[in-house]
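Notes to accompany the following structure.
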Amino acid sequence: MRYLLAACFVLMAAAATAAERPNILWISAEDLSAVTCSCYGGPAKMPRVDALATGGLRFDAAFSAAPVCAPSRSAIITGMMPTTLGSLPMRCKATPPPFVVGFPTFLREAGYYCTNNAKTDYNLGGSFKPGWTESSSKAHWRDRPDKSQPFFAVFNLGVTHESGLFGDKPQRVRAALPEAVRADPAAITVPPFYPDTPVVREALAHRLDLAAALDRDVGTILDELEADGLADSTIVVFWGDHGEGIPRGKRALTDYGLRVPLVVHVPEQFREAATLPGDGAPMGETKNLVSLLDLGPTMLNLAGVAIPEWMEGKSFLGAHATTREVVIGVADRMDAAPGFGRTVRDNRFRYVRNFLPWLDGDDLPDYASGVPITGELRKARAAGMLPKAANWFSRASRWPDELYDVAVDHYEIQDMGHDWRFAIDTANLREVLKAWMIETRDTGILPEPILRREARAAGSEWAIFHPDEPTRAAKRYQAIHAAAWDAADGRAEEERLESSDPAVRYWTVHGIGWRSLRANKSDTRGRAAKILDPVLADADPVVAIVAAWWLVKLGAEDPKPSLDVLRREMTSKDREIRQQALVAIDQLGEASRPLWKAAATLDLGKDEEYSRRMVERIRARLEASAEPTP
């Protein structure tokens with residue numbers, strides 16, 4: 001019904017003449033933080049973006065929904081949080097509910113020619129319809145048959161992607177730049193959360209070179225717009241999909257990982273209709289909080305198209321525009337290894353909730369090893385030479401709650417989450433996050449194998465907690481949420497192990513294990529082992545795997561029963577179960593040695609990217625530990 005109502009509004013909007021509607025041009029950058037861009041006071045030389053900002057509106061508090069590309073782009077194309085759609089874990093291909101389509105669908109139905117050049121990466125399965133007229137590396141507004149037809153054109157520029165630091169790519173980009181815009185490693189200001197080494201300086205300088213190359217590409221697109229005589233009839237939006245493609249940036253729930261450039265240039269003829277909330281002209285700069293979740297709804301609003309009720313994003317410009325008091329950021333599995341964090345950002349503070357606080361600081365995936373700074377951090381940690389501000393990388397575990405006063409602590413070094421002076425601020429933002437998770441039914445509280453299994457039965461991940469009988473679903477959600485929250489705090493109601501819900505049992509096992517690990521006493525660990533031993537026979541393999549992992553991690557007197565569970569489940573017919581078992585084996589390191597040989601010989605499908613990476617890691621560990629032949 002919601003989709004039908006939205007479609008009716010779209011058809012009404014289509015009656016407007018093309019001359020009354022703006023063209024819209026998006027230029028998106030990958031892995032680019034706002035602090036890098038010169039229009040934000042950053043060190044990169046980006047004159048074309050500077051000019052765009054000078055004549056337009058710069059958003060100083062714009063944030064991506066997630067600090068990595070696929071879930072961030074899921075939020076952008078749908079106007080819904082990836083936590084709502086179950087599209088947060090990297091490369092998961094979630095199934096959206098039937099009414100969720102890409103927002104370009106509504107622009108297209110209103111008469112727009114919609115092109116995407118060329119990245120998709122929406123983390124959504126084959127049933128998803130983004131709504132493009134054309135999506136390819138050749139897609140361009142110039143291809144529309146009727147040149148009077150309004151267009152929405154997207155150009156994704158990948159030069160600033162993290163992979164731009166791999167191998168000889170930085171040197172090739174640098175060689176193509178005029179010497180005047182090349183960054184000087186000696187002049188770099190190294191953030192205090194990195195070791196100040198020549199390698200780090202060179203990598204940071206290369207990041208600035210990539211930004212300069214991006215600016216050149218931006219200029220090419222803007223020149224084409226000008227040459228076609230369309231600059232005065234086109235709203236131009238420049239944005240980054242998430243933060244900087246280096247450690248503590250990309251994949252991190254920090255300003256460096258989530259705060260992005262967002263510049264909107266509105267031609268004079270459309271400025272009256274594209275005001276900020278409160279009738280502010282779309283010029284200068286604004287500290288209004290914005291999520292990239294809001295991009296789609298804002299474009300619909302500016303085009304005179306009704307925003308569907310099911311969208312969670314808000315319009316930040318034009319009629320019906322609103323402001324936000326907070327922005328939510330989310331992160332789950334980024335590669336193969338687990339992750340589950342949420343953050344709330346207001347105009348002063350960033351609050352972070354770590355639902356897996358037992359993870360150590362080096363949670364960077366294999367892919368990030370291609371970035372030289374990753375290697376420098378690991379070398380410095382091994383040598384005991386990490387600067388004090390880099391304790392985020394050396395920590396063996398993390399606090400469940402973190403709070404940073406980003407108004408003064410721009411690098412988010414000083415965690416105030418356990419400072420009594422900020423107790424009220426921490427508590428308030430914690431309650432905001434709790435309420436948001438419950439209201440939106442954040443699907444991250446379900447272990448991924450359970451999430452996908454239940455989605456197949458329900459029709460979509462969204463449908464799991466939005467059935468025809470909502471009361472029971474709400475009670476179930478709250479029970480799982482309470483168990484997950486308690487687990488991170490090291491609390492566990494052991495009677496929850498008797499729950500009929502495997503997700504509740506899963507989080508209870510984590511709570512028991514974490515409570516014991518934090519206590520770090522042999523008698524406590526012995527008690528935990530007695531509680532968890534029977535869980536190895538749990539009917540759900542997800543629960544059995546996590547019990548096995550904790551028992552081995554806690555130093556079980558006889559690890560064989562736990563290792564037998566992992567041995568069995570790494571050959572499960574369920575691909576998510578296989579992945580979870582292999583990740584557990586990898587994380588246990590030397591303690592899982594009896595399983596290495598069997599794991600290294602597994603033959604996995606081509607579509608099991610992350611499980612294959614785990615097998616490769618285990619195989620490398622096995623080969624490195626083999627005794628040399630005499």
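Numbering starts fresh at 1 for the residues of each chain in the structure tokens, the chains themselves are lettered A, B, ... in the order given, and ligands are numbered from 1 as they appear.
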For this session: Would you list the contacts of stretch 112-125 of chain A as number ranges by chain, taking every protein, DNA or RNA residue within 7 Å and counting only C-alpha atoms, but skipping same-chain residues closer than 4 positions in sequence?
Result: A: 70-71, 73-74, 87, 91-96, 104, 107-108, 132-141, 144, 149-156
For A:Gly526: contacts at 12 Å, only C-alpha atoms, fewer than 4 positions along chain excluded, given as a PDB file with N, CA and C atoms, in the first residue's frame:
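Saved file part18.pdb follows:
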```pdb
ATOM      1  N   ILE A 512      28.442 -14.947  29.345  1.00  0.00           N
ATOM      2  CA  ILE A 512      29.117 -15.816  30.310  1.00  0.00           C
ATOM      3  C   ILE A 512      30.618 -15.855  30.035  1.00  0.00           C
ATOM      4  N   GLY A 513      30.974 -15.993  28.758  1.00  0.00           N
ATOM      5  CA  GLY A 513      32.381 -16.040  28.411  1.00  0.00           C
ATOM      6  C   GLY A 513      33.109 -14.741  28.710  1.00  0.00           C
ATOM      7  N   SER A 516      33.641 -14.113  32.430  1.00  0.00           N
ATOM      8  CA  SER A 516      34.737 -14.927  32.955  1.00  0.00           C
ATOM      9  C   SER A 516      36.092 -14.401  32.511  1.00  0.00           C
ATOM     10  N   LEU A 517      36.209 -13.995  31.262  1.00  0.00           N
ATOM     11  CA  LEU A 517      37.484 -13.479  30.762  1.00  0.00           C
ATOM     12  C   LEU A 517      37.883 -12.211  31.505  1.00  0.00           C
ATOM     13  N   ALA A 519      37.041 -11.377  34.549  1.00  0.00           N
ATOM     14  CA  ALA A 519      37.392 -11.696  35.933  1.00  0.00           C
ATOM     15  C   ALA A 519      38.814 -12.235  36.020  1.00  0.00           C
ATOM     16  N   ASN A 520      39.217 -12.991  34.982  1.00  0.00           N
ATOM     17  CA  ASN A 520      40.589 -13.508  34.875  1.00  0.00           C
ATOM     18  C   ASN A 520      41.009 -14.292  36.118  1.00  0.00           C
ATOM     19  N   LYS A 521      40.122 -15.152  36.596  1.00  0.00           N
ATOM     20  CA  LYS A 521      40.413 -16.006  37.746  1.00  0.00           C
ATOM     21  C   LYS A 521      40.131 -17.450  37.366  1.00  0.00           C
ATOM     22  N   SER A 522      40.975 -18.355  37.832  1.00  0.00           N
ATOM     23  CA  SER A 522      40.842 -19.758  37.441  1.00  0.00           C
ATOM     24  C   SER A 522      39.528 -20.363  37.915  1.00  0.00           C
ATOM     25  N   LYS A 530      31.873 -25.235  33.278  1.00  0.00           N
ATOM     26  CA  LYS A 530      30.788 -26.141  33.680  1.00  0.00           C
ATOM     27  C   LYS A 530      29.449 -25.696  33.083  1.00  0.00           C
ATOM     28  N   ILE A 531      29.262 -24.385  32.984  1.00  0.00           N
ATOM     29  CA  ILE A 531      28.012 -23.865  32.416  1.00  0.00           C
ATOM     30  C   ILE A 531      27.973 -24.077  30.910  1.00  0.00           C
ATOM     31  N   LEU A 532      29.117 -23.866  30.231  1.00  0.00           N
ATOM     32  CA  LEU A 532      29.140 -23.877  28.770  1.00  0.00           C
ATOM     33  C   LEU A 532      29.351 -25.257  28.164  1.00  0.00           C
ATOM     34  N   ASP A 533      29.913 -26.187  28.897  1.00  0.00           N
ATOM     35  CA  ASP A 533      30.141 -27.542  28.354  1.00  0.00           C
ATOM     36  C   ASP A 533      28.871 -28.147  27.752  1.00  0.00           C
ATOM     37  N   LEU A 551      35.026 -21.693  25.185  1.00  0.00           N
ATOM     38  CA  LEU A 551      35.655 -22.716  26.012  1.00  0.00           C
ATOM     39  C   LEU A 551      37.143 -22.844  25.702  1.00  0.00           C
ATOM     40  N   LEU A 554      38.985 -19.653  26.876  1.00  0.00           N
ATOM     41  CA  LEU A 554      39.126 -19.592  28.329  1.00  0.00           C
ATOM     42  C   LEU A 554      40.072 -20.661  28.862  1.00  0.00           C
ATOM     43  N   GLY A 555      40.630 -21.466  27.960  1.00  0.00           N
ATOM     44  CA  GLY A 555      41.614 -22.474  28.379  1.00  0.00           C
ATOM     45  C   GLY A 555      41.004 -23.729  28.925  1.00  0.00           C
ATOM     46  N   ALA A 556      40.011 -24.285  28.233  1.00  0.00           N
ATOM     47  CA  ALA A 556      39.358 -25.511  28.680  1.00  0.00           C
ATOM     48  C   ALA A 556      40.384 -26.600  28.953  1.00  0.00           C
ATOM     49  N   GLU A 557      40.210 -27.319  30.042  1.00  0.00           N
ATOM     50  CA  GLU A 557      41.133 -28.394  30.411  1.00  0.00           C
ATOM     51  C   GLU A 557      41.215 -29.451  29.318  1.00  0.00           C
ATOM     52  N   ASP A 558      40.073 -29.748  28.702  1.00  0.00           N
ATOM     53  CA  ASP A 558      40.046 -30.673  27.567  1.00  0.00           C
ATOM     54  C   ASP A 558      39.377 -29.959  26.397  1.00  0.00           C
TER      55      ASP A 558
END
```
For this session: One decimal, Å: what's the distance from atom CA of A:Leu602 over to atom CA of A:Ile618, could you say?
Result: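 Rounded to one decimal, the two atoms are 10.7 Å apart.
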For this session: Can you check which residues of stretch 226-472 of chain A DSSP gives as alpha helix (DSSP H) on the backbone and send them as JSON, numbers by chain?
Result: {"A": [226, 227, 255, 256, 257, 258, 295, 296, 297, 298, 299, 300, 301, 302, 372, 373, 374, 375, 376, 377, 378, 379, 380, 381, 382, 391, 392, 393, 394, 423, 424, 425, 426, 427, 428, 429, 430, 431, 432, 433, 434, 435, 436, 437, 438, 439, 440, 448, 449, 450, 451, 452, 453, 454, 455, 456, 457, 458, 461, 462, 463, 464, 470, 471, 472]}
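Nearest residue to A:Ile221, choosing from A:Arg142, A:Pro470, A:Ala53, A:Thr343 and counting only C-alpha atoms: A:Arg142.
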For this session: Tell me, as an MDAnalysis selection string, which residues lie within 8 Å of stretch 390-394 of chain A, counting only C-alpha atoms; anything in the same chain fewer than 5 positions away does not count.
Result: chainID A and resid 192:195 360:362 377 381
For this session: Write out as a list in words which residues come within 10 Å of A:Thr440 when counting only C-alpha atoms, dropping same-chain ones fewer than 2 positions away.
Result: Met80, Met81, Thr83, Thr84, Leu85, Glu312, Ala435, Trp436, Met437, Ile438, Asp442, Thr443, Trp462, Phe465 and His466 of chain A
Could you write out that same residue set with all heavy atoms as a compact mmCIF listing (two decimals), in the first residue's frame?
```txt
# COMPACT_ATOMS: atom_id res chain seq x y z
N MET A 80 17.06 3.77 3.53
CA MET A 80 16.81 2.97 4.73
C MET A 80 18.13 2.51 5.31
O MET A 80 19.09 2.23 4.58
CB MET A 80 15.94 1.76 4.41
CG MET A 80 14.53 2.11 3.97
SD MET A 80 13.47 0.65 3.79
CE MET A 80 13.12 0.27 5.50
N MET A 81 18.20 2.42 6.63
CA MET A 81 19.42 1.98 7.28
C MET A 81 19.72 0.52 6.91
O MET A 81 18.80 -0.30 6.85
CB MET A 81 19.31 2.11 8.79
CG MET A 81 19.36 3.55 9.29
SD MET A 81 20.98 4.36 9.02
CE MET A 81 22.01 3.50 10.21
N THR A 83 20.89 -1.60 8.78
CA THR A 83 20.48 -2.41 9.92
C THR A 83 19.01 -2.81 9.82
O THR A 83 18.60 -3.87 10.29
CB THR A 83 20.70 -1.63 11.22
OG1 THR A 83 20.22 -0.29 11.03
CG2 THR A 83 22.16 -1.57 11.58
N THR A 84 18.20 -1.96 9.22
CA THR A 84 16.78 -2.26 9.04
C THR A 84 16.59 -3.32 7.96
O THR A 84 15.74 -4.20 8.08
CB THR A 84 16.01 -0.99 8.65
OG1 THR A 84 16.23 0.02 9.63
CG2 THR A 84 14.51 -1.26 8.55
N LEU A 85 17.41 -3.23 6.92
CA LEU A 85 17.28 -4.14 5.77
C LEU A 85 18.12 -5.40 5.92
O LEU A 85 18.01 -6.31 5.09
CB LEU A 85 17.70 -3.42 4.49
CG LEU A 85 16.82 -2.26 4.04
CD1 LEU A 85 17.41 -1.61 2.80
CD2 LEU A 85 15.39 -2.74 3.77
N GLU A 312 13.50 5.89 5.79
CA GLU A 312 13.93 6.38 7.10
C GLU A 312 14.73 7.68 6.99
O GLU A 312 14.92 8.38 7.98
CB GLU A 312 14.77 5.32 7.80
CG GLU A 312 13.97 4.06 8.12
CD GLU A 312 14.84 2.93 8.64
OE1 GLU A 312 15.92 2.69 8.08
OE2 GLU A 312 14.43 2.29 9.62
N ALA A 435 16.84 3.06 22.26
CA ALA A 435 15.50 3.33 21.73
C ALA A 435 15.48 3.20 20.21
O ALA A 435 14.53 2.66 19.63
CB ALA A 435 15.04 4.72 22.16
N TRP A 436 16.54 3.70 19.55
CA TRP A 436 16.60 3.62 18.09
C TRP A 436 16.67 2.17 17.62
O TRP A 436 16.00 1.78 16.66
CB TRP A 436 17.82 4.40 17.58
CG TRP A 436 18.02 4.27 16.10
CD1 TRP A 436 17.42 5.00 15.13
CD2 TRP A 436 18.87 3.32 15.44
NE1 TRP A 436 17.84 4.57 13.88
CE2 TRP A 436 18.73 3.55 14.05
CE3 TRP A 436 19.73 2.32 15.88
CZ2 TRP A 436 19.42 2.79 13.10
CZ3 TRP A 436 20.42 1.56 14.95
CH2 TRP A 436 20.27 1.81 13.57
N MET A 437 17.47 1.36 18.27
CA MET A 437 17.60 -0.04 17.87
C MET A 437 16.27 -0.77 17.99
O MET A 437 15.88 -1.54 17.11
CB MET A 437 18.67 -0.75 18.71
CG MET A 437 20.08 -0.28 18.44
SD MET A 437 21.32 -1.15 19.45
CE MET A 437 21.30 -2.78 18.68
N ILE A 438 15.57 -0.51 19.08
CA ILE A 438 14.29 -1.18 19.29
C ILE A 438 13.24 -0.67 18.32
O ILE A 438 12.46 -1.45 17.75
CB ILE A 438 13.85 -1.00 20.76
CG1 ILE A 438 14.78 -1.78 21.69
CG2 ILE A 438 12.40 -1.45 20.95
CD1 ILE A 438 14.57 -1.51 23.17
N ASP A 442 16.80 -3.13 14.65
CA ASP A 442 18.15 -3.33 14.15
C ASP A 442 18.44 -4.83 14.05
O ASP A 442 18.53 -5.54 15.05
CB ASP A 442 19.13 -2.65 15.13
CG ASP A 442 20.58 -2.74 14.71
OD1 ASP A 442 20.95 -3.65 13.95
OD2 ASP A 442 21.37 -1.89 15.15
N THR A 443 18.59 -5.32 12.82
CA THR A 443 18.75 -6.76 12.59
C THR A 443 20.11 -7.29 13.02
O THR A 443 20.33 -8.50 13.05
CB THR A 443 18.55 -7.10 11.11
OG1 THR A 443 19.48 -6.34 10.33
CG2 THR A 443 17.13 -6.79 10.66
N TRP A 462 14.15 -7.84 6.64
CA TRP A 462 13.24 -6.87 7.25
C TRP A 462 12.01 -7.55 7.83
O TRP A 462 11.52 -7.18 8.90
CB TRP A 462 12.82 -5.85 6.18
CG TRP A 462 11.79 -4.86 6.63
CD1 TRP A 462 11.99 -3.67 7.23
CD2 TRP A 462 10.36 -4.99 6.49
NE1 TRP A 462 10.80 -3.04 7.48
CE2 TRP A 462 9.78 -3.83 7.04
CE3 TRP A 462 9.53 -5.97 5.94
CZ2 TRP A 462 8.40 -3.63 7.06
CZ3 TRP A 462 8.16 -5.77 5.98
CH2 TRP A 462 7.60 -4.61 6.53
N PHE A 465 11.32 -9.18 11.77
CA PHE A 465 10.77 -8.46 12.93
C PHE A 465 9.60 -7.56 12.55
O PHE A 465 9.19 -6.70 13.33
CB PHE A 465 11.87 -7.63 13.60
CG PHE A 465 12.93 -8.47 14.26
CD1 PHE A 465 14.24 -8.43 13.81
CD2 PHE A 465 12.62 -9.31 15.32
CE1 PHE A 465 15.22 -9.20 14.41
CE2 PHE A 465 13.59 -10.09 15.93
CZ PHE A 465 14.90 -10.04 15.48
N HIS A 466 9.06 -7.76 11.33
CA HIS A 466 7.88 -7.01 10.90
C HIS A 466 6.83 -7.97 10.34
O HIS A 466 6.37 -7.82 9.21
CB HIS A 466 8.26 -5.97 9.84
CG HIS A 466 9.15 -4.89 10.35
ND1 HIS A 466 10.52 -5.05 10.42
CD2 HIS A 466 8.90 -3.63 10.80
CE1 HIS A 466 11.06 -3.94 10.91
NE2 HIS A 466 10.10 -3.08 11.15
```
Exercise. Counting only C-alpha atoms, what is within 7 Å of stretch 607-610 of chain A, bar same-chain residues fewer than 3 positions away, as number ranges by chain?
Worked result: A: 335-336, 604, 613-614
Exercise. Using only C-alpha atoms, which residues sit within 8 Å of A:Arg491 once same-chain residues fewer than 5 positions away are excluded, as a ChimeraX atom specification?
Worked result: /A:486,511-512,515
Could you write those residues out with N, CA and C atoms, as an mmCIF file, in the first residue's frame?
```cif
data_model
loop_
_atom_site.group_PDB
_atom_site.id
_atom_site.type_symbol
_atom_site.label_atom_id
_atom_site.label_comp_id
_atom_site.auth_asym_id
_atom_site.auth_seq_id
_atom_site.Cartn_x
_atom_site.Cartn_y
_atom_site.Cartn_z
ATOM 1 N N ASP A 486 23.348 -6.920 27.696
ATOM 2 C CA ASP A 486 23.940 -7.459 28.923
ATOM 3 C C ASP A 486 25.265 -8.156 28.632
ATOM 4 N N GLY A 511 27.907 -13.513 26.977
ATOM 5 C CA GLY A 511 27.947 -12.834 28.266
ATOM 6 C C GLY A 511 28.681 -13.646 29.321
ATOM 7 N N ILE A 512 28.442 -14.947 29.345
ATOM 8 C CA ILE A 512 29.117 -15.816 30.310
ATOM 9 C C ILE A 512 30.618 -15.855 30.035
ATOM 10 N N ARG A 515 32.228 -12.347 30.817
ATOM 11 C CA ARG A 515 32.274 -12.137 32.267
ATOM 12 C C ARG A 515 33.450 -12.895 32.875
#
```
Exercise. Looking at only C-alpha atoms, which of A:Arg567, A:Leu359, A:Ile27, A:Gly42 is the one that sits closest to A:Asp217?
Worked result: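 Using only C-alpha atoms, A:Asp217 sits closest to A:Ile27.
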Exercise. By how many Å are atom CA of A:Leu253 and atom CA of A:Lys379 apart?
Worked result: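 Atom CA of A:Lys379 lies 23.6 Å from atom CA of A:Leu253.
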For this session: Just give me the gap between atom CA of A:Asn354 and atom CA of A:His481 in Å, one decimal is fine.
Result: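 We find that atom CA of A:Asn354 and atom CA of A:His481 lie 13.6 Å from each other.
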For this session: Name all residues at most 9 Å from A:Val49 (count only C-alpha atoms; drop same-chain ones fewer than 4 positions away) and give them as a PyMOL selection string.
Result: chain A and resi 37-39+53-54+215+218-219+238+263
Any chance you could list, as a compact mmCIF listing (two decimals) with all heavy atoms, in the first residue's frame, the residues in stretch 308-406 of chain A that come up strand (DSSP E or B) when DSSP is run on the backbone?
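Contents of part_0.txt, as written:
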```
# COMPACT_ATOMS: atom_id res chain seq x y z
N ARG A 324 18.12 17.09 12.08
CA ARG A 324 18.35 15.95 12.97
C ARG A 324 19.00 16.42 14.27
O ARG A 324 19.81 17.34 14.27
CB ARG A 324 19.29 14.93 12.30
CG ARG A 324 18.69 14.16 11.14
CD ARG A 324 19.71 13.18 10.57
NE ARG A 324 19.12 12.30 9.57
CZ ARG A 324 18.51 11.16 9.82
NH1 ARG A 324 18.41 10.76 11.09
NH2 ARG A 324 18.01 10.42 8.86
N VAL A 327 22.88 11.66 14.60
CA VAL A 327 23.09 10.80 13.44
C VAL A 327 23.60 9.46 13.96
O VAL A 327 24.50 9.42 14.82
CB VAL A 327 24.10 11.41 12.45
CG1 VAL A 327 24.49 10.39 11.38
CG2 VAL A 327 23.51 12.64 11.78
N ILE A 328 23.04 8.39 13.45
CA ILE A 328 23.44 7.05 13.85
C ILE A 328 24.44 6.49 12.83
O ILE A 328 24.26 6.63 11.62
CB ILE A 328 22.23 6.10 13.93
CG1 ILE A 328 21.15 6.67 14.88
CG2 ILE A 328 22.66 4.69 14.35
CD1 ILE A 328 21.51 6.67 16.32
N GLY A 329 25.49 5.84 13.32
CA GLY A 329 26.44 5.12 12.46
C GLY A 329 26.51 3.68 12.90
O GLY A 329 26.39 3.37 14.10
N VAL A 330 26.72 2.77 11.95
CA VAL A 330 26.65 1.34 12.26
C VAL A 330 27.78 0.57 11.59
O VAL A 330 28.22 0.92 10.49
CB VAL A 330 25.29 0.75 11.82
CG1 VAL A 330 24.16 1.37 12.62
CG2 VAL A 330 25.04 0.98 10.32
N ALA A 331 28.26 -0.49 12.24
CA ALA A 331 29.30 -1.34 11.67
C ALA A 331 29.13 -2.76 12.19
O ALA A 331 28.97 -2.97 13.40
CB ALA A 331 30.68 -0.82 12.04
N GLY A 341 29.19 -2.85 16.18
CA GLY A 341 29.28 -1.59 16.91
C GLY A 341 28.24 -0.61 16.39
O GLY A 341 27.84 -0.66 15.24
N ARG A 342 27.82 0.28 17.26
CA ARG A 342 26.86 1.33 16.90
C ARG A 342 27.35 2.64 17.51
O ARG A 342 28.01 2.65 18.55
CB ARG A 342 25.45 1.01 17.44
CG ARG A 342 24.87 -0.33 16.96
CD ARG A 342 24.54 -0.30 15.48
NE ARG A 342 23.95 -1.53 15.01
CZ ARG A 342 24.61 -2.52 14.42
NH1 ARG A 342 25.93 -2.43 14.27
NH2 ARG A 342 24.00 -3.60 13.99
N THR A 343 27.02 3.75 16.87
CA THR A 343 27.46 5.04 17.39
C THR A 343 26.37 6.09 17.20
O THR A 343 25.60 6.03 16.24
CB THR A 343 28.76 5.50 16.70
OG1 THR A 343 29.18 6.75 17.24
CG2 THR A 343 28.58 5.67 15.21
N VAL A 344 26.33 7.01 18.13
CA VAL A 344 25.42 8.16 18.07
C VAL A 344 26.27 9.41 18.10
O VAL A 344 27.13 9.57 18.97
CB VAL A 344 24.43 8.17 19.26
CG1 VAL A 344 23.48 9.35 19.13
CG2 VAL A 344 23.66 6.86 19.35
N ARG A 345 26.02 10.29 17.14
CA ARG A 345 26.78 11.55 17.06
C ARG A 345 25.80 12.72 17.13
O ARG A 345 24.84 12.79 16.36
CB ARG A 345 27.55 11.58 15.74
CG ARG A 345 28.27 12.88 15.43
CD ARG A 345 29.48 13.09 16.32
NE ARG A 345 30.52 13.87 15.64
CZ ARG A 345 30.54 15.19 15.53
NH1 ARG A 345 29.55 15.92 16.05
NH2 ARG A 345 31.53 15.79 14.90
N PHE A 349 29.14 15.41 20.96
CA PHE A 349 29.71 14.13 21.38
C PHE A 349 29.56 13.03 20.34
O PHE A 349 28.64 13.05 19.52
CB PHE A 349 29.02 13.64 22.67
CG PHE A 349 29.26 14.51 23.88
CD1 PHE A 349 28.25 15.31 24.37
CD2 PHE A 349 30.50 14.50 24.52
CE1 PHE A 349 28.46 16.10 25.49
CE2 PHE A 349 30.71 15.28 25.64
CZ PHE A 349 29.69 16.08 26.13
N ARG A 350 30.48 12.06 20.41
CA ARG A 350 30.29 10.78 19.74
C ARG A 350 30.28 9.69 20.81
O ARG A 350 31.25 9.53 21.56
CB ARG A 350 31.40 10.48 18.73
CG ARG A 350 31.23 9.06 18.12
CD ARG A 350 32.18 8.77 16.99
NE ARG A 350 32.01 9.64 15.87
CZ ARG A 350 31.00 9.57 14.99
NH1 ARG A 350 30.04 8.67 15.18
NH2 ARG A 350 30.93 10.40 13.99
N TYR A 351 29.15 8.97 20.86
CA TYR A 351 29.02 7.82 21.75
C TYR A 351 29.15 6.55 20.91
O TYR A 351 28.57 6.46 19.82
CB TYR A 351 27.67 7.85 22.46
CG TYR A 351 27.30 6.53 23.12
CD1 TYR A 351 27.88 6.14 24.33
CD2 TYR A 351 26.39 5.66 22.52
CE1 TYR A 351 27.54 4.94 24.92
CE2 TYR A 351 26.05 4.45 23.10
CZ TYR A 351 26.63 4.10 24.30
OH TYR A 351 26.30 2.90 24.88
N VAL A 352 29.92 5.58 21.39
CA VAL A 352 30.11 4.31 20.68
C VAL A 352 29.74 3.18 21.62
O VAL A 352 30.16 3.16 22.79
CB VAL A 352 31.56 4.13 20.21
CG1 VAL A 352 31.73 2.79 19.50
CG2 VAL A 352 31.97 5.28 19.28
N ARG A 353 28.97 2.24 21.11
CA ARG A 353 28.64 1.03 21.86
C ARG A 353 29.31 -0.16 21.17
O ARG A 353 29.03 -0.45 20.00
CB ARG A 353 27.12 0.80 21.90
CG ARG A 353 26.70 -0.49 22.63
CD ARG A 353 26.98 -0.42 24.11
NE ARG A 353 26.54 -1.64 24.81
CZ ARG A 353 26.65 -1.82 26.11
NH1 ARG A 353 27.17 -0.87 26.87
NH2 ARG A 353 26.22 -2.93 26.67
N ASN A 354 30.20 -0.82 21.89
CA ASN A 354 30.88 -2.01 21.38
C ASN A 354 30.17 -3.25 21.91
O ASN A 354 30.28 -3.58 23.10
CB ASN A 354 32.35 -2.01 21.84
CG ASN A 354 33.13 -0.87 21.24
OD1 ASN A 354 33.15 -0.69 20.03
ND2 ASN A 354 33.79 -0.09 22.09
N ASP A 401 31.20 0.96 26.45
CA ASP A 401 30.77 2.33 26.15
C ASP A 401 31.99 3.23 25.96
O ASP A 401 32.91 3.21 26.79
CB ASP A 401 29.93 2.91 27.29
CG ASP A 401 28.59 2.23 27.44
OD1 ASP A 401 28.02 1.83 26.42
OD2 ASP A 401 28.12 2.09 28.59
N GLU A 402 31.97 4.02 24.89
CA GLU A 402 32.98 5.05 24.68
C GLU A 402 32.27 6.38 24.44
O GLU A 402 31.19 6.41 23.85
CB GLU A 402 33.87 4.72 23.48
CG GLU A 402 34.65 3.41 23.60
CD GLU A 402 35.41 3.08 22.32
OE1 GLU A 402 35.71 4.02 21.55
OE2 GLU A 402 35.68 1.90 22.07
N LEU A 403 32.91 7.46 24.86
CA LEU A 403 32.36 8.79 24.63
C LEU A 403 33.51 9.74 24.33
O LEU A 403 34.51 9.78 25.04
CB LEU A 403 31.58 9.30 25.85
CG LEU A 403 30.88 10.65 25.64
CD1 LEU A 403 29.61 10.47 24.80
CD2 LEU A 403 30.54 11.31 26.97
N TYR A 404 33.35 10.51 23.25
CA TYR A 404 34.38 11.47 22.86
C TYR A 404 33.75 12.84 22.70
O TYR A 404 32.70 12.98 22.07
CB TYR A 404 35.05 11.04 21.55
CG TYR A 404 35.73 9.69 21.68
CD1 TYR A 404 35.07 8.53 21.28
CD2 TYR A 404 37.00 9.58 22.23
CE1 TYR A 404 35.66 7.29 21.42
CE2 TYR A 404 37.61 8.34 22.38
CZ TYR A 404 36.94 7.20 21.97
OH TYR A 404 37.53 5.96 22.12
N ASP A 405 34.41 13.84 23.26
CA ASP A 405 33.97 15.22 23.12
C ASP A 405 34.62 15.76 21.84
O ASP A 405 35.67 16.41 21.88
CB ASP A 405 34.41 16.02 24.34
CG ASP A 405 33.84 17.43 24.34
OD1 ASP A 405 33.25 17.84 23.33
OD2 ASP A 405 34.01 18.13 25.36
```
